[in-house]
Amino acid sequence: MKIKSKSKKINKSWLNDHINDPYVKMAQRDGYRARAAYKLKEIDETLGLVKPGHCVVDLGSTPGAWSQYLRRRLSPEGAAHGELNGHIIALDLLPMAPIEDVHFIQGDFREEAVLQQLNDTLNEVYGSEKVDLVVSDMAPNLSGIESADAARIAHLIELAVEFSQQRLKSEGALVVKLFHGSGYSQLVKLFKETFHVVKPIKPKASRDKSSETFLVGMRLKRTAD
């Protein structure tokens, strides 16, 4: 009974924090599906990553807040609907409600067949072998076992880096979500080996209690063969 009571208190505390979260209120006001939109917004505004005409790949896109932000940034009027100057291809293991002009693929990025579908879609939709920006909010289901969770997180980021080496323009950029803790320094090292410029950023919209942070790599040092 004590455990159940403690769980209820934790859930009530989280719900109270969520309801009073200024970014949750802003997301509701601005029509975003999640507060995560403001994380990408701050990263973009800090580094100037999204530009008119860009082709962007959004990995781990569901529920769609990042794709919504990208859609508005690539709209000449900054609108959620209407003309789009660019291309957005989103992918997630879970379903995502449609967003105008965003091409969505449901599947597991870790599977070769899904990666092939993404590559085929890029060739068909964008008509080019290279993209301008890859953003990844992917995160595995966490087990609570630090070493196992760190390995799962690292695997997803390594796949995103490998994909970027194959599909990014030389001046392109990759944004990934990761967590401070086991394996963090190795992932920073991987980014420094892959990109000329590496920037760790913890946006204001990331909760203070969370170890979540973002790593941005810009300008590839090399591409995969």
# chains A, B, ... in the order shown; residues from 1 in each chain; ligands from 1
>>> select_by_dssp(residues="stretch 45-156 of chain A", states="alpha helix (DSSP H)", output="VMD selection string")
chain A and resid 45 to 47 65 to 73 112 to 125 146 to 156
>>> write_last_selection(atoms="N, CA and C atoms", output="mmCIF file, in the first residue's frame")
data_model
loop_
_atom_site.group_PDB
_atom_site.id
_atom_site.type_symbol
_atom_site.label_atom_id
_atom_site.label_comp_id
_atom_site.auth_asym_id
_atom_site.auth_seq_id
_atom_site.Cartn_x
_atom_site.Cartn_y
_atom_site.Cartn_z
ATOM 1 N N GLU A 45 17.186 28.496 -33.615
ATOM 2 C CA GLU A 45 17.408 29.942 -33.508
ATOM 3 C C GLU A 45 18.836 30.256 -33.049
ATOM 4 N N THR A 46 19.427 29.358 -32.279
ATOM 5 C CA THR A 46 20.798 29.546 -31.809
ATOM 6 C C THR A 46 21.811 29.317 -32.923
ATOM 7 N N LEU A 47 21.557 28.306 -33.761
ATOM 8 C CA LEU A 47 22.552 27.884 -34.748
ATOM 9 C C LEU A 47 22.143 28.128 -36.197
ATOM 10 N N ALA A 65 5.574 17.249 -33.097
ATOM 11 C CA ALA A 65 5.858 18.653 -32.764
ATOM 12 C C ALA A 65 7.054 19.192 -33.536
ATOM 13 N N TRP A 66 8.089 18.374 -33.692
ATOM 14 C CA TRP A 66 9.255 18.848 -34.449
ATOM 15 C C TRP A 66 8.908 19.032 -35.925
ATOM 16 N N SER A 67 8.145 18.113 -36.488
ATOM 17 C CA SER A 67 7.718 18.260 -37.884
ATOM 18 C C SER A 67 6.835 19.492 -38.053
ATOM 19 N N GLN A 68 5.992 19.762 -37.062
ATOM 20 C CA GLN A 68 5.177 20.981 -37.107
ATOM 21 C C GLN A 68 6.057 22.225 -37.137
ATOM 22 N N TYR A 69 7.066 22.255 -36.272
ATOM 23 C CA TYR A 69 7.967 23.410 -36.243
ATOM 24 C C TYR A 69 8.692 23.550 -37.574
ATOM 25 N N LEU A 70 9.205 22.447 -38.103
ATOM 26 C CA LEU A 70 9.918 22.484 -39.389
ATOM 27 C C LEU A 70 8.992 22.946 -40.506
ATOM 28 N N ARG A 71 7.752 22.492 -40.470
ATOM 29 C CA ARG A 71 6.772 22.859 -41.496
ATOM 30 C C ARG A 71 6.542 24.375 -41.500
ATOM 31 N N ARG A 72 6.458 24.950 -40.325
ATOM 32 C CA ARG A 72 6.254 26.401 -40.228
ATOM 33 C C ARG A 72 7.504 27.169 -40.665
ATOM 34 N N ARG A 73 8.673 26.645 -40.313
ATOM 35 C CA ARG A 73 9.922 27.313 -40.694
ATOM 36 C C ARG A 73 10.145 27.306 -42.201
ATOM 37 N N GLU A 112 16.692 -2.685 -41.462
ATOM 38 C CA GLU A 112 17.254 -2.382 -42.775
ATOM 39 C C GLU A 112 16.164 -2.055 -43.796
ATOM 40 N N ALA A 113 15.050 -2.774 -43.727
ATOM 41 C CA ALA A 113 13.962 -2.557 -44.688
ATOM 42 C C ALA A 113 13.351 -1.159 -44.526
ATOM 43 N N VAL A 114 13.254 -0.689 -43.290
ATOM 44 C CA VAL A 114 12.692 0.638 -43.031
ATOM 45 C C VAL A 114 13.669 1.718 -43.489
ATOM 46 N N LEU A 115 14.945 1.504 -43.234
ATOM 47 C CA LEU A 115 15.963 2.444 -43.703
ATOM 48 C C LEU A 115 15.948 2.532 -45.224
ATOM 49 N N GLN A 116 15.765 1.393 -45.880
ATOM 50 C CA GLN A 116 15.693 1.382 -47.340
ATOM 51 C C GLN A 116 14.467 2.153 -47.825
ATOM 52 N N GLN A 117 13.353 1.999 -47.115
ATOM 53 C CA GLN A 117 12.135 2.739 -47.467
ATOM 54 C C GLN A 117 12.366 4.248 -47.331
ATOM 55 N N LEU A 118 13.085 4.639 -46.278
ATOM 56 C CA LEU A 118 13.404 6.059 -46.090
ATOM 57 C C LEU A 118 14.271 6.571 -47.232
ATOM 58 N N ASN A 119 15.284 5.810 -47.597
ATOM 59 C CA ASN A 119 16.159 6.207 -48.697
ATOM 60 C C ASN A 119 15.402 6.287 -50.018
ATOM 61 N N ASP A 120 14.530 5.314 -50.261
ATOM 62 C CA ASP A 120 13.728 5.316 -51.488
ATOM 63 C C ASP A 120 12.808 6.537 -51.526
ATOM 64 N N THR A 121 12.206 6.854 -50.383
ATOM 65 C CA THR A 121 11.306 8.006 -50.306
ATOM 66 C C THR A 121 12.059 9.300 -50.578
ATOM 67 N N LEU A 122 13.249 9.423 -50.011
ATOM 68 C CA LEU A 122 14.058 10.614 -50.259
ATOM 69 C C LEU A 122 14.363 10.766 -51.740
ATOM 70 N N ASN A 123 14.704 9.672 -52.382
ATOM 71 C CA ASN A 123 15.012 9.725 -53.814
ATOM 72 C C ASN A 123 13.789 10.111 -54.636
ATOM 73 N N GLU A 124 12.629 9.600 -54.243
ATOM 74 C CA GLU A 124 11.398 9.857 -54.996
ATOM 75 C C GLU A 124 10.839 11.256 -54.717
ATOM 76 N N VAL A 125 10.814 11.628 -53.439
ATOM 77 C CA VAL A 125 10.186 12.897 -53.047
ATOM 78 C C VAL A 125 11.113 14.081 -53.303
ATOM 79 N N GLU A 146 21.125 1.078 -16.145
ATOM 80 C CA GLU A 146 21.888 2.153 -16.791
ATOM 81 C C GLU A 146 22.732 1.664 -17.972
ATOM 82 N N SER A 147 23.452 0.567 -17.790
ATOM 83 C CA SER A 147 24.349 0.090 -18.844
ATOM 84 C C SER A 147 23.576 -0.335 -20.084
ATOM 85 N N ALA A 148 22.444 -1.013 -19.868
ATOM 86 C CA ALA A 148 21.622 -1.463 -20.999
ATOM 87 C C ALA A 148 20.976 -0.279 -21.709
ATOM 88 N N ASP A 149 20.474 0.679 -20.932
ATOM 89 C CA ASP A 149 19.836 1.854 -21.526
ATOM 90 C C ASP A 149 20.846 2.697 -22.300
ATOM 91 N N ALA A 150 22.046 2.842 -21.742
ATOM 92 C CA ALA A 150 23.089 3.610 -22.416
ATOM 93 C C ALA A 150 23.447 2.975 -23.754
ATOM 94 N N ALA A 151 23.496 1.651 -23.786
ATOM 95 C CA ALA A 151 23.813 0.936 -25.030
ATOM 96 C C ALA A 151 22.722 1.136 -26.075
ATOM 97 N N ARG A 152 21.459 1.128 -25.645
ATOM 98 C CA ARG A 152 20.340 1.332 -26.577
ATOM 99 C C ARG A 152 20.354 2.749 -27.147
ATOM 100 N N ILE A 153 20.607 3.720 -26.275
ATOM 101 C CA ILE A 153 20.667 5.119 -26.715
ATOM 102 C C ILE A 153 21.822 5.310 -27.699
ATOM 103 N N ALA A 154 22.982 4.756 -27.346
ATOM 104 C CA ALA A 154 24.161 4.889 -28.202
ATOM 105 C C ALA A 154 23.922 4.270 -29.566
ATOM 106 N N HIS A 155 23.231 3.130 -29.590
ATOM 107 C CA HIS A 155 22.974 2.444 -30.866
ATOM 108 C C HIS A 155 22.134 3.322 -31.792
ATOM 109 N N LEU A 156 21.094 3.947 -31.261
ATOM 110 C CA LEU A 156 20.246 4.817 -32.072
ATOM 111 C C LEU A 156 21.032 6.010 -32.615
#
>>> select_by_dssp(residues="stretch 177-223 of chain A", states="strand (DSSP E)", output="list in words")
Lys177, Leu178, Phe179, Phe195, His196, Val197, Val198, Lys199, Pro200, Ile201, Glu212, Thr213, Phe214, Leu215, Val216, Gly217, Met218, Arg219 and Leu220 of chain A
>>> residues_around(residues="A:Gly217", least_positions_apart="2", cutoff="8 Å", atoms="only C-alpha atoms", output="PDB file with N, CA and C atoms, in the first residue's frame")
ATOM      1  N   ALA A 173      23.746  19.342 -41.249  1.00  0.00           N
ATOM      2  CA  ALA A 173      23.825  19.239 -39.793  1.00  0.00           C
ATOM      3  C   ALA A 173      22.953  18.093 -39.287  1.00  0.00           C
ATOM      4  N   LEU A 174      23.354  17.558 -38.137  1.00  0.00           N
ATOM      5  CA  LEU A 174      22.615  16.507 -37.442  1.00  0.00           C
ATOM      6  C   LEU A 174      22.367  16.948 -36.013  1.00  0.00           C
ATOM      7  N   VAL A 175      21.111  16.811 -35.557  1.00  0.00           N
ATOM      8  CA  VAL A 175      20.737  17.097 -34.175  1.00  0.00           C
ATOM      9  C   VAL A 175      20.223  15.802 -33.553  1.00  0.00           C
ATOM     10  N   PHE A 191      30.891  12.292 -32.471  1.00  0.00           N
ATOM     11  CA  PHE A 191      30.488  13.503 -33.192  1.00  0.00           C
ATOM     12  C   PHE A 191      31.708  14.313 -33.620  1.00  0.00           C
ATOM     13  N   LYS A 192      32.685  14.425 -32.736  1.00  0.00           N
ATOM     14  CA  LYS A 192      33.881  15.205 -33.063  1.00  0.00           C
ATOM     15  C   LYS A 192      34.703  14.546 -34.165  1.00  0.00           C
ATOM     16  N   THR A 194      33.246  12.967 -36.580  1.00  0.00           N
ATOM     17  CA  THR A 194      32.396  12.991 -37.764  1.00  0.00           C
ATOM     18  C   THR A 194      32.166  14.393 -38.316  1.00  0.00           C
ATOM     19  N   PHE A 195      32.107  15.404 -37.426  1.00  0.00           N
ATOM     20  CA  PHE A 195      31.755  16.767 -37.828  1.00  0.00           C
ATOM     21  C   PHE A 195      32.862  17.758 -37.473  1.00  0.00           C
ATOM     22  N   HIS A 196      32.959  18.809 -38.270  1.00  0.00           N
ATOM     23  CA  HIS A 196      33.921  19.878 -37.995  1.00  0.00           C
ATOM     24  C   HIS A 196      33.503  20.701 -36.784  1.00  0.00           C
ATOM     25  N   VAL A 197      32.195  20.905 -36.613  1.00  0.00           N
ATOM     26  CA  VAL A 197      31.681  21.713 -35.500  1.00  0.00           C
ATOM     27  C   VAL A 197      30.720  20.866 -34.674  1.00  0.00           C
ATOM     28  N   VAL A 198      30.921  20.817 -33.371  1.00  0.00           N
ATOM     29  CA  VAL A 198      30.055  20.049 -32.469  1.00  0.00           C
ATOM     30  C   VAL A 198      29.607  20.961 -31.332  1.00  0.00           C
ATOM     31  N   LYS A 199      28.283  21.048 -31.131  1.00  0.00           N
ATOM     32  CA  LYS A 199      27.728  21.929 -30.111  1.00  0.00           C
ATOM     33  C   LYS A 199      26.767  21.161 -29.202  1.00  0.00           C
ATOM     34  N   LEU A 215      22.872  17.176 -28.931  1.00  0.00           N
ATOM     35  CA  LEU A 215      24.181  17.334 -29.542  1.00  0.00           C
ATOM     36  C   LEU A 215      23.975  17.681 -31.005  1.00  0.00           C
ATOM     37  N   ARG A 219      28.694  20.315 -40.575  1.00  0.00           N
ATOM     38  CA  ARG A 219      29.757  20.193 -41.588  1.00  0.00           C
ATOM     39  C   ARG A 219      30.527  18.886 -41.448  1.00  0.00           C
ATOM     40  N   LEU A 220      30.118  17.920 -42.241  1.00  0.00           N
ATOM     41  CA  LEU A 220      30.722  16.592 -42.206  1.00  0.00           C
ATOM     42  C   LEU A 220      32.212  16.625 -42.530  1.00  0.00           C
TER      43      LEU A 220
END
>>> atom_distance(atom1="atom CA of A:Leu59", atom2="atom CA of A:Asn141")
15.4 Å
>>> closest_residue(among="A:Gly86, A:Gly64, A:Gly53, A:Gly78", to="A:Ile99", atoms="only C-alpha atoms")
A:Gly64
>>> closest_residue(among="A:Lys39, A:Glu171, A:Ile157, A:Glu212", to="A:Leu190", atoms="only C-alpha atoms")
A:Ile157
>>> residues_around(residues="A:Ala27", least_positions_apart="5", cutoff="10 Å", atoms="only C-alpha atoms", output="number ranges by chain")
A: 22, 32-38, 65
>>> closest_residue(among="A:Glu162, A:Asp30, A:Asp101, A:Asp44", to="A:Val216", atoms="only C-alpha atoms")
A:Asp44
>>> closest_residue(among="A:Ser61, A:Gln165, A:Ser136, A:Ser206", to="A:Gln106", atoms="only C-alpha atoms")
A:Ser61
>>> closest_residue(among="A:Asp108, A:Pro63, A:Val188, A:Pro52", to="A:Leu84", atoms="only C-alpha atoms")
A:Pro52
>>> atom_distance(atom1="atom CA of A:Pro200", atom2="atom CA of A:Pro140")
20.3 Å
>>> closest_residue(among="A:Arg110, A:Lys177, A:Arg207, A:Lys221", to="A:Val24", atoms="only C-alpha atoms")
A:Arg207
>>> residues_around(residues="A:Val56", least_positions_apart="5", cutoff="6 Å", atoms="only C-alpha atoms", output="PyMOL selection string")
chain A and resi 88+133-134
